[in-house]
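The data block below is my_file33.cif; it holds mmCIF, C-alpha atoms.
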```
data_protein
loop_
_atom_site.label_atom_id
_atom_site.label_comp_id
_atom_site.auth_asym_id
_atom_site.auth_seq_id
_atom_site.Cartn_x
_atom_site.Cartn_y
_atom_site.Cartn_z
CA MET A 1 67.45 -73.41 -151.49
CA SER A 2 64.12 -74.92 -152.52
CA GLN A 3 65.71 -78.30 -151.75
CA ILE A 4 65.15 -77.57 -148.06
CA PHE A 5 61.43 -77.38 -148.77
CA LYS A 6 61.52 -80.46 -150.98
CA GLN A 7 63.23 -82.45 -148.23
CA HIS A 8 60.65 -81.32 -145.73
CA ILE A 9 57.75 -82.25 -148.00
CA SER A 10 59.39 -85.62 -148.68
CA LYS A 11 59.24 -86.48 -144.99
CA PHE A 12 55.47 -86.74 -145.37
CA ILE A 13 54.52 -87.28 -149.01
CA THR A 14 56.05 -88.42 -152.28
CA VAL A 15 56.25 -85.93 -155.13
CA SER A 16 58.23 -86.22 -158.35
CA ASP A 17 60.74 -83.55 -159.39
CA GLU A 18 58.26 -82.30 -161.98
CA GLU A 19 55.45 -82.08 -159.46
CA PHE A 20 57.71 -80.30 -157.00
CA GLU A 21 58.68 -77.73 -159.62
CA ALA A 22 55.01 -77.10 -160.33
CA ILE A 23 54.25 -76.86 -156.60
CA MET A 24 57.04 -74.28 -156.15
CA THR A 25 55.31 -71.92 -158.58
CA TYR A 26 52.62 -71.31 -155.92
CA PHE A 27 55.25 -69.90 -153.55
CA ASN A 28 57.48 -66.87 -153.54
CA ALA A 29 60.98 -66.91 -152.09
CA ILE A 30 61.99 -63.75 -150.25
CA GLN A 31 64.97 -62.60 -148.24
CA VAL A 32 64.30 -60.66 -145.08
CA SER A 33 66.74 -58.78 -142.91
CA LYS A 34 67.13 -59.18 -139.18
CA LYS A 35 64.38 -57.23 -137.34
CA GLU A 36 62.29 -56.82 -140.52
CA ILE A 37 58.54 -57.01 -139.81
CA LEU A 38 56.68 -59.46 -142.05
CA GLN A 39 53.28 -59.24 -140.40
CA GLU A 40 51.88 -56.46 -138.29
CA GLU A 41 49.25 -56.95 -135.58
CA GLY A 42 45.97 -55.34 -136.68
CA ARG A 43 46.72 -55.66 -140.39
CA SER A 44 45.30 -58.29 -142.72
CA CYS A 45 47.16 -61.59 -142.66
CA ARG A 46 48.05 -62.43 -146.22
CA TYR A 47 50.79 -65.01 -145.94
CA GLN A 48 52.01 -68.23 -144.46
CA TYR A 49 55.77 -68.31 -144.02
CA PHE A 50 58.09 -71.31 -144.33
CA VAL A 51 61.59 -70.76 -142.98
CA LEU A 52 64.31 -72.02 -145.36
CA THR A 53 67.13 -70.44 -143.35
CA GLY A 54 67.09 -68.11 -140.37
CA CYS A 55 64.52 -67.56 -137.67
CA LEU A 56 61.20 -65.76 -137.21
CA ARG A 57 59.29 -64.88 -134.09
CA LYS A 58 55.64 -64.18 -133.42
CA PHE A 59 54.77 -61.55 -130.86
CA LEU A 60 52.09 -59.25 -129.58
CA ILE A 61 51.96 -56.13 -127.45
CA ASN A 62 50.40 -56.66 -124.03
CA GLU A 63 48.29 -54.15 -122.10
CA LYS A 64 51.37 -52.59 -120.57
CA GLY A 65 52.76 -51.92 -124.04
CA VAL A 66 55.42 -54.62 -123.70
CA GLU A 67 56.25 -57.02 -126.56
CA VAL A 68 55.57 -60.65 -125.68
CA THR A 69 57.12 -63.34 -127.88
CA THR A 70 54.79 -66.34 -128.13
CA GLU A 71 56.48 -68.48 -130.81
CA PHE A 72 59.71 -68.97 -132.74
CA ALA A 73 60.09 -70.60 -136.16
CA LEU A 74 63.44 -72.05 -137.18
CA GLU A 75 64.40 -73.80 -140.43
CA THR A 76 61.55 -75.94 -141.87
CA TRP A 77 58.96 -74.48 -139.53
CA TRP A 78 55.83 -72.75 -140.73
CA MET A 79 54.56 -69.53 -139.20
CA SER A 80 51.46 -67.41 -139.60
CA ASP A 81 48.58 -66.03 -137.57
CA ASN A 82 46.65 -69.13 -138.57
CA ARG A 83 43.21 -67.96 -137.51
CA ALA A 84 43.58 -64.61 -139.27
CA PHE A 85 45.02 -66.35 -142.34
CA GLU A 86 42.15 -68.84 -142.61
CA PHE A 87 39.35 -66.34 -142.03
CA GLN A 88 41.13 -63.38 -143.62
CA THR A 89 40.55 -61.29 -140.52
CA GLU A 90 43.00 -58.86 -138.98
CA ALA A 91 46.07 -60.37 -137.37
CA LEU A 92 46.33 -60.58 -133.59
CA PHE A 93 50.07 -61.24 -133.77
CA SER A 94 53.05 -59.64 -135.44
CA ILE A 95 55.82 -61.62 -137.13
CA GLN A 96 59.41 -60.43 -137.29
CA ALA A 97 62.71 -61.84 -138.54
CA VAL A 98 65.06 -62.60 -135.64
CA GLU A 99 67.95 -63.18 -138.09
CA ASN A 100 68.54 -62.52 -141.78
CA SER A 101 66.29 -65.21 -143.22
CA GLU A 102 65.23 -66.88 -146.44
CA ILE A 103 61.52 -67.49 -146.47
CA LEU A 104 58.92 -69.06 -148.70
CA THR A 105 55.60 -67.23 -148.68
CA ILE A 106 52.22 -68.34 -149.93
CA GLU A 107 48.95 -66.39 -150.10
CA ALA A 108 45.59 -67.82 -149.01
CA GLN A 109 44.21 -67.94 -152.55
CA SER A 110 47.35 -69.61 -153.91
CA LEU A 111 47.28 -72.15 -151.10
CA GLU A 112 43.65 -73.01 -151.83
CA LYS A 113 44.55 -73.40 -155.52
CA LEU A 114 47.52 -75.57 -154.54
CA TYR A 115 45.22 -77.86 -152.53
CA ARG A 116 42.88 -78.12 -155.52
CA ASP A 117 45.61 -78.77 -158.08
CA PHE A 118 47.74 -81.03 -155.86
CA PRO A 119 45.45 -82.74 -153.32
CA ILE A 120 48.49 -84.60 -151.94
CA MET A 121 49.46 -81.26 -150.35
CA GLU A 122 46.41 -81.65 -148.09
CA ARG A 123 48.27 -84.59 -146.56
CA TYR A 124 51.46 -82.58 -146.19
CA PHE A 125 49.70 -79.71 -144.42
CA ARG A 126 47.59 -82.15 -142.40
CA PHE A 127 50.89 -83.42 -140.96
CA VAL A 128 52.24 -79.89 -140.48
CA TYR A 129 49.20 -78.82 -138.44
CA GLN A 130 48.91 -82.15 -136.65
CA ARG A 131 52.47 -81.82 -135.35
CA ALA A 132 52.12 -78.13 -134.60
CA PHE A 133 48.98 -78.89 -132.59
CA ALA A 134 50.69 -81.76 -130.75
CA ALA A 135 53.66 -79.49 -129.95
CA TYR A 136 51.29 -76.89 -128.50
CA GLN A 137 49.64 -79.59 -126.38
CA MET A 138 53.05 -80.35 -124.91
CA ARG A 139 53.62 -76.68 -124.32
CA ILE A 140 50.32 -76.38 -122.45
CA LYS A 141 51.39 -79.40 -120.39
CA PHE A 142 54.62 -77.66 -119.43
CA LEU A 143 52.92 -74.33 -118.73
CA TYR A 144 50.32 -76.07 -116.54
CA THR A 145 52.69 -78.27 -114.59
CA MET A 146 56.13 -76.67 -114.40
CA SER A 147 57.34 -73.70 -112.44
CA LYS A 148 58.98 -71.02 -114.59
CA GLU A 149 62.33 -72.20 -113.28
CA ASP A 150 61.65 -75.84 -114.22
CA TYR A 151 60.36 -74.75 -117.63
CA PHE A 152 63.55 -72.78 -118.17
CA PHE A 153 65.78 -75.78 -117.35
CA HIS A 154 63.64 -78.15 -119.40
CA PHE A 155 63.86 -75.77 -122.36
CA TYR A 156 67.60 -75.33 -121.97
CA ASP A 157 68.17 -79.08 -121.83
CA SER A 158 65.87 -79.77 -124.81
CA TYR A 159 67.06 -77.03 -127.19
CA PRO A 160 70.65 -76.12 -126.23
CA LYS A 161 71.59 -74.81 -129.69
CA PHE A 162 68.46 -72.73 -130.00
CA VAL A 163 69.08 -71.17 -126.60
CA GLN A 164 72.55 -70.06 -127.73
CA ARG A 165 71.20 -68.73 -130.99
CA VAL A 166 68.41 -66.30 -130.12
CA PRO A 167 68.71 -62.98 -128.29
CA GLN A 168 68.29 -63.57 -124.58
CA TYR A 169 65.65 -60.86 -124.06
CA LEU A 170 63.42 -62.60 -126.62
CA LEU A 171 63.96 -65.95 -124.98
CA ALA A 172 63.14 -64.42 -121.59
CA SER A 173 59.88 -63.03 -123.01
CA PHE A 174 59.00 -66.43 -124.53
CA LEU A 175 59.68 -68.22 -121.23
CA GLY A 176 57.75 -65.62 -119.22
CA LEU A 177 60.84 -64.44 -117.34
CA THR A 178 62.48 -61.07 -116.89
CA PRO A 179 65.85 -60.85 -118.69
CA GLU A 180 67.48 -60.44 -115.27
CA TYR A 181 65.95 -63.61 -113.89
CA LEU A 182 66.91 -65.48 -117.07
CA SER A 183 70.56 -64.43 -116.55
CA GLU A 184 70.36 -65.57 -112.95
CA LEU A 185 69.02 -69.00 -113.98
CA ARG A 186 71.69 -69.36 -116.66
CA ARG A 187 74.41 -68.69 -114.09
CA LYS A 188 72.75 -71.22 -111.78
CA ASN A 189 72.73 -73.76 -114.64
CA ARG A 190 76.44 -73.37 -115.24
CA SER A 191 77.38 -73.75 -111.61
CA MET B 192 23.68 -90.13 -134.33
CA SER B 193 26.20 -90.44 -137.16
CA GLN B 194 24.41 -87.43 -138.73
CA ILE B 195 26.29 -85.23 -136.24
CA PHE B 196 29.55 -86.46 -137.73
CA LYS B 197 28.24 -86.12 -141.30
CA GLN B 198 27.24 -82.52 -140.65
CA HIS B 199 30.65 -81.78 -139.21
CA ILE B 200 32.46 -83.33 -142.16
CA SER B 201 30.16 -81.43 -144.54
CA LYS B 202 31.39 -78.13 -143.12
CA PHE B 203 34.74 -78.84 -144.77
CA ILE B 204 34.33 -81.38 -147.58
CA THR B 205 31.64 -82.85 -149.82
CA VAL B 206 30.90 -86.57 -149.51
CA SER B 207 27.95 -88.47 -150.92
CA ASP B 208 25.69 -90.57 -148.68
CA GLU B 209 27.34 -93.72 -150.05
CA GLU B 210 30.83 -92.39 -149.35
CA PHE B 211 29.83 -91.34 -145.87
CA GLU B 212 28.45 -94.79 -145.13
CA ALA B 213 31.73 -96.32 -146.27
CA ILE B 214 33.72 -93.80 -144.20
CA MET B 215 31.68 -94.66 -141.11
CA THR B 216 32.86 -98.29 -141.30
CA TYR B 217 36.34 -97.12 -140.20
CA PHE B 218 34.91 -95.82 -136.92
CA ASN B 219 33.30 -97.42 -133.90
CA ALA B 220 30.52 -95.75 -131.95
CA ILE B 221 30.69 -96.24 -128.18
CA GLN B 222 28.78 -95.00 -125.18
CA VAL B 223 30.74 -93.99 -122.13
CA SER B 224 29.49 -93.18 -118.67
CA LYS B 225 30.30 -90.06 -116.72
CA LYS B 226 33.77 -90.38 -115.12
CA GLU B 227 34.75 -93.35 -117.30
CA ILE B 228 38.43 -93.28 -118.28
CA LEU B 229 39.04 -93.67 -122.03
CA GLN B 230 42.78 -93.12 -122.04
CA GLU B 231 45.22 -93.55 -119.20
CA GLU B 232 48.49 -91.61 -118.87
CA GLY B 233 51.43 -93.97 -119.38
CA ARG B 234 49.45 -96.44 -121.52
CA SER B 235 49.61 -96.73 -125.31
CA CYS B 236 47.36 -94.27 -127.11
CA ARG B 237 45.20 -96.28 -129.50
CA TYR B 238 42.33 -93.98 -130.36
CA GLN B 239 41.20 -90.62 -131.52
CA TYR B 240 37.82 -89.63 -130.09
CA PHE B 241 35.09 -87.57 -131.74
CA VAL B 242 32.37 -86.36 -129.40
CA LEU B 243 28.86 -86.90 -130.81
CA THR B 244 27.14 -85.97 -127.56
CA GLY B 245 28.53 -85.23 -124.11
CA CYS B 246 31.90 -83.96 -123.00
CA LEU B 247 35.43 -85.30 -122.48
CA ARG B 248 38.38 -83.81 -120.66
CA LYS B 249 42.12 -84.34 -120.96
CA PHE B 250 44.19 -84.23 -117.81
CA LEU B 251 47.47 -85.17 -116.23
CA ILE B 252 48.77 -85.59 -112.73
CA ASN B 253 51.27 -82.94 -111.67
CA GLU B 254 54.28 -83.42 -109.38
CA LYS B 255 52.14 -82.78 -106.33
CA GLY B 256 49.81 -85.60 -107.35
CA VAL B 257 47.04 -83.20 -108.30
CA GLU B 258 44.94 -83.68 -111.47
CA VAL B 259 45.29 -80.79 -113.91
CA THR B 260 42.69 -80.50 -116.68
CA THR B 261 44.30 -79.11 -119.85
CA GLU B 262 41.52 -79.49 -122.42
CA PHE B 263 37.80 -80.13 -122.82
CA ALA B 264 36.04 -81.57 -125.87
CA LEU B 265 32.36 -80.88 -126.44
CA GLU B 266 30.12 -82.04 -129.29
CA THR B 267 31.93 -82.19 -132.68
CA TRP B 268 35.37 -81.80 -131.09
CA TRP B 269 38.16 -84.30 -131.50
CA MET B 270 40.35 -85.41 -128.64
CA SER B 271 43.44 -87.57 -128.31
CA ASP B 272 47.00 -87.37 -127.06
CA ASN B 273 47.99 -86.44 -130.60
CA ARG B 274 51.71 -86.93 -130.24
CA ALA B 275 51.32 -90.35 -128.63
CA PHE B 276 48.70 -91.32 -131.21
CA GLU B 277 50.87 -90.37 -134.18
CA PHE B 278 54.07 -91.98 -132.90
CA GLN B 279 52.36 -94.80 -131.00
CA THR B 280 54.24 -93.90 -127.84
CA GLU B 281 52.88 -93.91 -124.34
CA ALA B 282 50.31 -91.26 -123.52
CA LEU B 283 51.28 -88.25 -121.42
CA PHE B 284 47.65 -87.36 -120.79
CA SER B 285 44.56 -89.18 -119.57
CA ILE B 286 41.13 -88.73 -121.10
CA GLN B 287 37.91 -89.05 -119.12
CA ALA B 288 34.21 -88.57 -119.80
CA VAL B 289 32.86 -85.54 -117.94
CA GLU B 290 29.27 -86.56 -118.81
CA ASN B 291 27.61 -89.66 -120.23
CA SER B 292 28.79 -89.35 -123.82
CA GLU B 293 28.44 -90.87 -127.27
CA ILE B 294 31.79 -91.08 -128.96
CA LEU B 295 33.23 -92.15 -132.29
CA THR B 296 36.62 -93.84 -132.01
CA ILE B 297 39.17 -94.60 -134.67
CA GLU B 298 42.45 -96.49 -134.39
CA ALA B 299 45.72 -95.29 -135.94
CA GLN B 300 45.80 -98.08 -138.53
CA SER B 301 42.18 -97.53 -139.52
CA LEU B 302 42.77 -93.81 -139.84
CA GLU B 303 45.77 -94.39 -142.11
CA LYS B 304 43.66 -96.75 -144.20
CA LEU B 305 40.86 -94.16 -144.30
CA TYR B 306 43.30 -91.54 -145.63
CA ARG B 307 44.44 -93.99 -148.29
CA ASP B 308 40.95 -95.06 -149.36
CA PHE B 309 39.35 -91.60 -149.06
CA PRO B 310 42.05 -88.97 -149.64
CA ILE B 311 39.40 -86.27 -149.25
CA MET B 312 39.56 -87.06 -145.52
CA GLU B 313 43.08 -85.58 -145.50
CA ARG B 314 41.39 -82.26 -146.24
CA TYR B 315 38.86 -82.76 -143.46
CA PHE B 316 41.53 -83.56 -140.88
CA ARG B 317 43.79 -80.81 -142.24
CA PHE B 318 40.99 -78.38 -141.28
CA VAL B 319 40.45 -80.09 -137.92
CA TYR B 320 44.12 -79.72 -136.95
CA GLN B 321 44.47 -76.28 -138.52
CA ARG B 322 41.63 -74.96 -136.37
CA ALA B 323 42.79 -76.82 -133.27
CA PHE B 324 46.26 -75.31 -133.71
CA ALA B 325 44.82 -71.82 -134.26
CA ALA B 326 42.67 -72.21 -131.12
CA TYR B 327 45.78 -73.17 -129.12
CA GLN B 328 47.60 -70.09 -130.49
CA MET B 329 44.77 -67.96 -129.08
CA ARG B 330 45.03 -69.79 -125.80
CA ILE B 331 48.75 -69.09 -125.59
CA LYS B 332 47.96 -65.45 -126.33
CA PHE B 333 45.54 -65.35 -123.40
CA LEU B 334 47.88 -67.21 -121.07
CA TYR B 335 50.74 -64.85 -121.96
CA THR B 336 48.84 -61.60 -121.74
CA MET B 337 45.95 -61.96 -119.29
CA SER B 338 45.94 -62.19 -115.54
CA LYS B 339 44.13 -65.28 -114.22
CA GLU B 340 41.25 -63.01 -113.25
CA ASP B 341 40.99 -61.47 -116.74
CA TYR B 342 41.25 -64.93 -118.31
CA PHE B 343 38.39 -66.11 -116.10
CA PHE B 344 36.13 -63.22 -117.13
CA HIS B 345 37.09 -63.59 -120.78
CA PHE B 346 36.26 -67.29 -120.62
CA TYR B 347 32.97 -66.70 -118.83
CA ASP B 348 31.91 -64.10 -121.38
CA SER B 349 32.96 -66.25 -124.35
CA TYR B 350 31.49 -69.59 -123.26
CA PRO B 351 28.61 -68.90 -120.85
CA LYS B 352 26.80 -72.19 -121.54
CA PHE B 353 29.94 -74.27 -121.17
CA VAL B 354 30.73 -72.61 -117.86
CA GLN B 355 27.31 -73.63 -116.52
CA ARG B 356 27.71 -77.15 -117.84
CA VAL B 357 30.98 -78.49 -116.45
CA PRO B 358 31.83 -79.19 -112.80
CA GLN B 359 33.35 -76.09 -111.28
CA TYR B 360 36.41 -77.86 -109.80
CA LEU B 361 37.37 -79.02 -113.33
CA LEU B 362 36.87 -75.55 -114.73
CA ALA B 363 38.99 -74.13 -111.91
CA SER B 364 41.79 -76.58 -112.75
CA PHE B 365 41.57 -75.68 -116.45
CA LEU B 366 41.74 -71.95 -115.69
CA GLY B 367 44.60 -72.42 -113.23
CA LEU B 368 42.55 -71.28 -110.24
CA THR B 369 41.69 -72.84 -106.92
CA PRO B 370 37.99 -73.80 -106.67
CA GLU B 371 37.67 -71.23 -103.85
CA TYR B 372 39.05 -68.39 -105.96
CA LEU B 373 36.80 -69.44 -108.85
CA SER B 374 33.74 -69.17 -106.59
CA GLU B 375 34.93 -65.76 -105.44
CA LEU B 376 35.30 -64.55 -109.04
CA ARG B 377 31.87 -65.91 -109.97
CA ARG B 378 30.32 -63.97 -107.10
CA LYS B 379 32.19 -60.86 -108.23
CA ASN B 380 30.86 -61.40 -111.76
CA ARG B 381 27.28 -61.52 -110.59
CA SER B 382 27.51 -58.39 -108.51
#
```

Here is a file; write its structure as C-alpha cells.
Amino acid sequence: MSQIFKQHISKFITVSDEEFEAIMTYFNAIQVSKKEILQEEGRSCRYQYFVLTGCLRKFLINEKGVEVTTEFALETWWMSDNRAFEFQTEALFSIQAVENSEILTIEAQSLEKLYRDFPIMERYFRFVYQRAFAAYQMRIKFLYTMSKEDYFFHFYDSYPKFVQRVPQYLLASFLGLTPEYLSELRRKNRS
Amino acid sequence: MSQIFKQHISKFITVSDEEFEAIMTYFNAIQVSKKEILQEEGRSCRYQYFVLTGCLRKFLINEKGVEVTTEFALETWWMSDNRAFEFQTEALFSIQAVENSEILTIEAQSLEKLYRDFPIMERYFRFVYQRAFAAYQMRIKFLYTMSKEDYFFHFYDSYPKFVQRVPQYLLASFLGLTPEYLSELRRKNRS
C-alpha cells in the first residue's frame, strides 16, 4: 500500500528504496470506516492525511447549523486544516471519511523532523502545496465567473468518475446547490 | 530595498549575507507604474512576482466582458498565475500594478536553478505556498458560509488599512459586489 505513496513522491523527487523506508517511519498507516470523523472542528489539529485508497471530505457547520462540504480528497491527495496544523490552533474544519479509506497520517512534530532529516521532502511538499494553491486559484476563478449551473456542468465534464462516486448530497453541498436542484441539473445533462 | 526580501526569507529560513547576495542574483528588481500590466491573460506566464513596495492585483475578464479581480498582493506577497507558471502554459489571469510598485521577478528556469543551487529555498517556498493555500482555504470558508454583506464587514474589520488603500471599484469586484452596493455598505458601517 505504501507503494502508492512512493509513486506519488517519485513524481516530484528521487528517493532510494532505503530512504523511502526510512521516510515511511515518520508516518502511520490507518484504516478508517465510511463516515468516521478524523478531525473535529474546534479541536486541535494534529495530523495531515494522505489518502492511499478511499475518499475524505472537509466540512464545516454554517450559521444555520447545516454541514457545508468545502473540499474532497481522493487517492494521492493530502488533506488537513492547514492553518490550524501549522500554527497548532483549533481546527475550523472537520474531516470525515466518505468511504472506507486507507490513510497515512503524520503529526506536526514528525513532519518537522522529517524535513530536518530528509530536506528533499521540502521539495516534495513544496510541489504539493504549490499545486494545491494553483488548484484553489482555479476554483476561485470558477466561483467568480461561472453561474452555479455552469460550474455544475464544468465539474461534471471534468470529473465524471468522481461525480458518480460520491454521495449526491455531499456533491450538492460542495457545488453550492440544493440536492433537489442538483438532481434537476443531472436530468437536464442527460437529456 | 532587497532588505524587505531578506527579512521575509528570514522569517522562514536562515541564510548568511553572502548566501543572500548570491540568491538575489537569480532575481531582477523592476519598477512598475500604477496600472501597468505585468501579465496578460492568454500569454505565456514567465514570471513570479514578489512585491517589495506597492500593490498588484490579479484579474480576468468574465463572459460579459467585465474585469473580475480575484486576488491582491501587497508588500511581501508573491503573485503569479501559478498553474501557468509551473506548466509553462498560457495564463488564465492578468496581473496589473494597482500602485507604483517595486517588484522582484524570477523566471521559471532561474527559479529551478535557484532550488538546485540553494535547496534551502525549497523550504522558503514550501512555506510561501503552504500559507497561500491555507489562506485560500479560509477564503473558501468565507465564500461558502458568509453572505456578501457579512463577508464585506468581515473583510473591513480584518483589513482596515487595505480597504482604505485600494480603489473601491476593485475592492467591490474582489468582494463580488457592485460599486454602488459597496458604497451603501460602507455608509451602513459608519453609522

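For the pair CA of Ser271 (chain B) and CA of Phe250 (chain B), the interatomic distance is 11.0 Å.
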
Report the centre and edge lengths, in Å to one decimal, of an axis-aligned box enclosing every atom of region 246-250 of chain B listed in the file, padded by 4 Å on each side, as AutoDock Vina command-line options.
```
--center_x 38.0 --center_y -84.6 --center_z -120.4 --size_x 20.3 --size_y 9.5 --size_z 13.2
```

Q: Could you expand the PyMOL selection byres ((chain B) within 10 of (chain A)) into the explicit residues it covers here, written as an MDAnalysis selection string?
A: chainID B and resid 250:255 257:262 271:277 283:284 306 310:337 364:367

Q.
From the options A:Ser2, A:Gln7, A:Asn100, A:Thr14, which residue's atoms come nearest to Lys35 (chain A), counting only C-alpha atoms?
A.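 Closest to Lys35 (chain A) of all the choices is A:Asn100.
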
(Q) For a quick check of understanding, using all atoms listed in the file, which of B:Asn380, B:Gln300, B:Gln355, B:Gln230 has the smallest distance to Phe343 (chain B)? (A) B:Asn380

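Here the PyMOL selection byres ((chain A and resi 44) around 9) matches the residues Gln39, Glu40, Glu41, Gly42, Arg43, Cys45, Arg46, Ala84, Phe85, Gln88, Thr89, Glu90 and Ala91 of chain A.
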
Would you export the selected residues with C-alpha atoms as a short mmCIF file (atom, residue, chain, number, x, y, z; two decimals), keeping the file's coordinate frame, please?
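Result file again.cif:
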```cif
data_model
loop_
_atom_site.label_atom_id
_atom_site.label_comp_id
_atom_site.auth_asym_id
_atom_site.auth_seq_id
_atom_site.Cartn_x
_atom_site.Cartn_y
_atom_site.Cartn_z
CA GLN A 39 53.28 -59.24 -140.40
CA GLU A 40 51.88 -56.46 -138.29
CA GLU A 41 49.25 -56.95 -135.58
CA GLY A 42 45.97 -55.34 -136.68
CA ARG A 43 46.72 -55.66 -140.39
CA CYS A 45 47.16 -61.59 -142.66
CA ARG A 46 48.05 -62.43 -146.22
CA ALA A 84 43.58 -64.61 -139.27
CA PHE A 85 45.02 -66.35 -142.34
CA GLN A 88 41.13 -63.38 -143.62
CA THR A 89 40.55 -61.29 -140.52
CA GLU A 90 43.00 -58.86 -138.98
CA ALA A 91 46.07 -60.37 -137.37
#
```

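Interatomic distance, CA of Ala299 (chain B) to CA of Ser201 (chain B): 22.5 Å.
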
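Counting all atoms listed in the file, Ser207 (chain B) has the following residues at most 12 Å away, ignoring those fewer than 3 positions along the same chain: Lys197, Gln198, Ile200, Ser201, Ile204, Glu210, Phe211, Glu212, Ala213, Ile214, Phe309 and Ile311 of chain B.
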
Can you pull out every residue within 12 Å of region 373-375 of chain B, counting only C-alpha atoms, but drop anything in the same chain fewer than 3 positions away, and send it as a PDB file with C-alpha atoms, in the coordinates of the input?
```pdb
ATOM      1  CA  LYS B 339      44.130 -65.280-114.220  1.00  0.00           C
ATOM      2  CA  GLU B 340      41.250 -63.010-113.250  1.00  0.00           C
ATOM      3  CA  ASP B 341      40.990 -61.470-116.740  1.00  0.00           C
ATOM      4  CA  TYR B 342      41.250 -64.930-118.310  1.00  0.00           C
ATOM      5  CA  PHE B 343      38.390 -66.110-116.100  1.00  0.00           C
ATOM      6  CA  PHE B 344      36.130 -63.220-117.130  1.00  0.00           C
ATOM      7  CA  PHE B 346      36.260 -67.290-120.620  1.00  0.00           C
ATOM      8  CA  TYR B 347      32.970 -66.700-118.830  1.00  0.00           C
ATOM      9  CA  VAL B 354      30.730 -72.610-117.860  1.00  0.00           C
ATOM     10  CA  PRO B 358      31.830 -79.190-112.800  1.00  0.00           C
ATOM     11  CA  GLN B 359      33.350 -76.090-111.280  1.00  0.00           C
ATOM     12  CA  TYR B 360      36.410 -77.860-109.800  1.00  0.00           C
ATOM     13  CA  LEU B 361      37.370 -79.020-113.330  1.00  0.00           C
ATOM     14  CA  LEU B 362      36.870 -75.550-114.730  1.00  0.00           C
ATOM     15  CA  ALA B 363      38.990 -74.130-111.910  1.00  0.00           C
ATOM     16  CA  SER B 364      41.790 -76.580-112.750  1.00  0.00           C
ATOM     17  CA  PHE B 365      41.570 -75.680-116.450  1.00  0.00           C
ATOM     18  CA  LEU B 366      41.740 -71.950-115.690  1.00  0.00           C
ATOM     19  CA  GLY B 367      44.600 -72.420-113.230  1.00  0.00           C
ATOM     20  CA  LEU B 368      42.550 -71.280-110.240  1.00  0.00           C
ATOM     21  CA  THR B 369      41.690 -72.840-106.920  1.00  0.00           C
ATOM     22  CA  PRO B 370      37.990 -73.800-106.670  1.00  0.00           C
ATOM     23  CA  ARG B 378      30.320 -63.970-107.100  1.00  0.00           C
ATOM     24  CA  LYS B 379      32.190 -60.860-108.230  1.00  0.00           C
ATOM     25  CA  ASN B 380      30.860 -61.400-111.760  1.00  0.00           C
ATOM     26  CA  ARG B 381      27.280 -61.520-110.590  1.00  0.00           C
ATOM     27  CA  SER B 382      27.510 -58.390-108.510  1.00  0.00           C
TER      28      SER B 382
END
```

Q: Kindly give the distance, in Å, that separates CA of Ser101 (chain A) and CA of Val166 (chain A), rounded to a single decimal.
A: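 Between these atoms lies a distance of 13.3 Å.
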
Test item: residues at most 9 Å from Leu265 (chain B), all atoms listed in the file, excluding those fewer than 3 positions along its chain, as a PDB file with C-alpha atoms, keeping the file's coordinate frame:
```
ATOM      1  CA  PHE B 241      35.090 -87.570-131.740  1.00  0.00           C
ATOM      2  CA  VAL B 242      32.370 -86.360-129.400  1.00  0.00           C
ATOM      3  CA  LEU B 243      28.860 -86.900-130.810  1.00  0.00           C
ATOM      4  CA  THR B 244      27.140 -85.970-127.560  1.00  0.00           C
ATOM      5  CA  GLY B 245      28.530 -85.230-124.110  1.00  0.00           C
ATOM      6  CA  CYS B 246      31.900 -83.960-123.000  1.00  0.00           C
ATOM      7  CA  LEU B 247      35.430 -85.300-122.480  1.00  0.00           C
ATOM      8  CA  ARG B 248      38.380 -83.810-120.660  1.00  0.00           C
ATOM      9  CA  TRP B 268      35.370 -81.800-131.090  1.00  0.00           C
ATOM     10  CA  TRP B 269      38.160 -84.300-131.500  1.00  0.00           C
ATOM     11  CA  PHE B 353      29.940 -74.270-121.170  1.00  0.00           C
TER      12      PHE B 353
END
```

Atom completion result for region 73-82 of chain A (N, CA and C atoms) as a CSV table (one decimal), keeping the file's coordinate frame:
```
chain,number,residue,atom,x,y,z
A,73,ALA,N,60.1,-69.6,-135.0
A,73,ALA,CA,60.1,-70.6,-136.2
A,73,ALA,C,61.5,-70.6,-136.7
A,74,LEU,N,62.1,-71.8,-136.6
A,74,LEU,CA,63.4,-72.0,-137.2
A,74,LEU,C,63.3,-72.7,-138.6
A,75,GLU,N,64.4,-73.1,-139.1
A,75,GLU,CA,64.4,-73.8,-140.4
A,75,GLU,C,63.4,-74.9,-140.5
A,76,THR,N,62.6,-75.0,-141.5
A,76,THR,CA,61.6,-75.9,-141.9
A,76,THR,C,60.3,-75.8,-141.0
A,77,TRP,N,60.2,-74.7,-140.3
A,77,TRP,CA,59.0,-74.5,-139.5
A,77,TRP,C,58.1,-73.5,-140.3
A,78,TRP,N,56.8,-73.7,-140.2
A,78,TRP,CA,55.8,-72.8,-140.7
A,78,TRP,C,55.4,-71.7,-139.7
A,79,MET,N,55.1,-70.5,-140.1
A,79,MET,CA,54.6,-69.5,-139.2
A,79,MET,C,53.5,-68.6,-139.9
A,80,SER,N,52.5,-68.4,-139.2
A,80,SER,CA,51.5,-67.4,-139.6
A,80,SER,C,50.6,-67.1,-138.4
A,81,ASP,N,49.7,-66.1,-138.5
A,81,ASP,CA,48.6,-66.0,-137.6
A,81,ASP,C,47.5,-66.9,-138.2
A,82,ASN,N,47.4,-68.2,-137.8
A,82,ASN,CA,46.6,-69.1,-138.6
A,82,ASN,C,45.2,-68.8,-138.6
```
